[in-house]
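Here the structure is laid out as structure tokens; the discussion comes afterwards.
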Amino acid sequence: MPNGSGVPGMQPALAGSPVVAGDTNRFIDVLLKGPAAVLAPDREKFSNVMPPFAILGNSDLASLLTYLRKNFAPGTSEVKPEQIAARRN
Ligand code: HEM
């Protein structure tokens with residue numbers, strides 16, 4: 001949702017998400033590989049499926065992740081294109 005809240009059972013909230021606010025490499029990997037390949041198997045389940053977004057370029061992904069942090073995890077660091085590049089296989 002525009003304010004970062006989720007939809008119960010369908011989409012997790014991004015506002016307050018420990019993934020958005022937490023370890024930068026894990027946050028990047030969730031976008032590059034998709035949540036299912038990265039997050040703990042015993043996490044809360046949702047009916048939607050999020051695809052990987054490795055098709056996006058490094059600067060687009062860096063802008064996207066920085067936008068999420070600025071809006072939904074104030075005070076956390078920006079994400080730079082070089083950090084995205086370093087996480088690609
Ligand atoms: C580029 C746009 C997107 C961004 C930046 C994004 C970001 C994220 C992040 C950071 C998480 C982890 C949240 C957490 O676990 O606390 C997440 C999970 C999730 N997203 Fe996305 N997402 C995007 C697109 C989508 C789309 C298109 C869908 C489906 C229509 C989707 C559905 C989901 C679902 C269902 C989860 C939970 C997945 C799981 O735990 O297996 N996302 N998303």
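Here's how to read the names in the structure tokens: chain A, B, ... by the order shown, residue numbers from 1 in each chain, ligand numbers from 1 in the order shown.
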Protein and nucleic acid residues within 7 Å of ligand 1 (only C-alpha atoms and all ligand atoms) as an NGL selection string: :A and (10-14 or 17-20 or 27 or 30-31 or 35-36 or 39 or 43-51 or 53 or 64-65)
Using C-alpha atoms, can you write the selected residues to a file as a PDB file, in the first residue's frame?
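Written out: part-v2.pdb:
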ATOM      1  CA  MET A  10      -1.572 -11.392   1.015  1.00  0.00           C
ATOM      2  CA  GLN A  11       1.356  -8.942   1.224  1.00  0.00           C
ATOM      3  CA  PRO A  12       3.679  -8.157   4.142  1.00  0.00           C
ATOM      4  CA  ALA A  13       4.030  -4.555   5.358  1.00  0.00           C
ATOM      5  CA  LEU A  14       7.185  -2.795   4.208  1.00  0.00           C
ATOM      6  CA  SER A  17       9.785  -4.568   7.985  1.00  0.00           C
ATOM      7  CA  PRO A  18      12.974  -5.979   9.536  1.00  0.00           C
ATOM      8  CA  VAL A  19      14.118  -6.835   6.000  1.00  0.00           C
ATOM      9  CA  VAL A  20      13.947  -3.194   4.869  1.00  0.00           C
ATOM     10  CA  PHE A  27      17.632  -6.656   1.668  1.00  0.00           C
ATOM     11  CA  VAL A  30      15.392 -10.294  -1.445  1.00  0.00           C
ATOM     12  CA  LEU A  31      15.054  -8.135  -4.568  1.00  0.00           C
ATOM     13  CA  PRO A  35      12.051 -13.651  -0.851  1.00  0.00           C
ATOM     14  CA  ALA A  36      11.618 -17.429  -1.122  1.00  0.00           C
ATOM     15  CA  LEU A  39      14.272 -15.598   3.949  1.00  0.00           C
ATOM     16  CA  ARG A  43       8.488 -17.010   8.171  1.00  0.00           C
ATOM     17  CA  GLU A  44       4.846 -15.846   8.013  1.00  0.00           C
ATOM     18  CA  LYS A  45       3.118 -17.101   4.832  1.00  0.00           C
ATOM     19  CA  PHE A  46       1.360 -14.862   2.249  1.00  0.00           C
ATOM     20  CA  SER A  47      -0.895 -15.793  -0.671  1.00  0.00           C
ATOM     21  CA  ASN A  48       0.953 -13.633  -3.224  1.00  0.00           C
ATOM     22  CA  VAL A  49       4.291 -14.689  -4.658  1.00  0.00           C
ATOM     23  CA  MET A  50       7.028 -12.115  -5.189  1.00  0.00           C
ATOM     24  CA  PRO A  51       9.295 -12.699  -8.187  1.00  0.00           C
ATOM     25  CA  PHE A  53      13.845  -8.473  -9.785  1.00  0.00           C
ATOM     26  CA  LEU A  64      14.269   1.617  -5.235  1.00  0.00           C
ATOM     27  CA  LEU A  65      15.866   0.233  -2.076  1.00  0.00           C
TER      28      LEU A  65
END
Ranking A:Val7, A:Ala21, A:Met1, A:Ala37 by minimum distance to A:Arg69 and counting only C-alpha atoms, which one comes first? A:Ala21
Non-local contacts of A:Ala86 (10 Å; only C-alpha atoms; under 6 positions in same chain excluded) as a ChimeraX atom specification: /A:25,28,58
Neighbours of A:Thr66 within 8 Å (only C-alpha atoms; same-chain residues fewer than 4 positions away dropped), as a PyMOL selection string? chain A and resi 62+70+77-79
What separation in Å, quoted to one decimal, exists between atom CA of A:Ala73 and atom CA of A:Ala15? 6.8 Å
Nearby residues (only C-alpha atoms) at most 12 Å from A:Ile55, same-chain spacing under 3 positions excluded, as a tab-separated table (two decimals) with C-alpha atoms, in the first residue's frame:
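out-v3.tsv was written with the following content:
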chain	number	residue	atom	x	y	z
A	31	LEU	CA	15.05	-8.14	-4.57
A	32	LEU	CA	17.69	-9.90	-6.69
A	33	LYS	CA	16.64	-13.49	-5.88
A	34	GLY	CA	13.09	-13.15	-4.50
A	51	PRO	CA	9.29	-12.70	-8.19
A	52	PRO	CA	13.00	-11.87	-8.31
A	58	ASN	CA	21.98	-1.67	-10.43
A	59	SER	CA	21.10	2.03	-10.29
A	60	ASP	CA	17.35	1.36	-10.57
A	61	LEU	CA	17.53	-1.18	-7.74
A	88	ARG	CA	25.02	-10.40	-8.31
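Nearest residue to A:Asn71 among A:Gly57, A:Pro8, A:Gly16, A:Ala40 is A:Gly16, counting only C-alpha atoms.
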Expected answer as a ChimeraX atom specification: alpha helix (DSSP H) residues in chain A: /A:18-21,24-33,58-72,81-87
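Straight-line separation from atom CA of A:Phe72 to atom CA of A:Gly4: 6.7 Å.
Rounded to one decimal, atom CA of A:Gly22 and atom CA of A:Ile84 lie 15.5 Å from each other.
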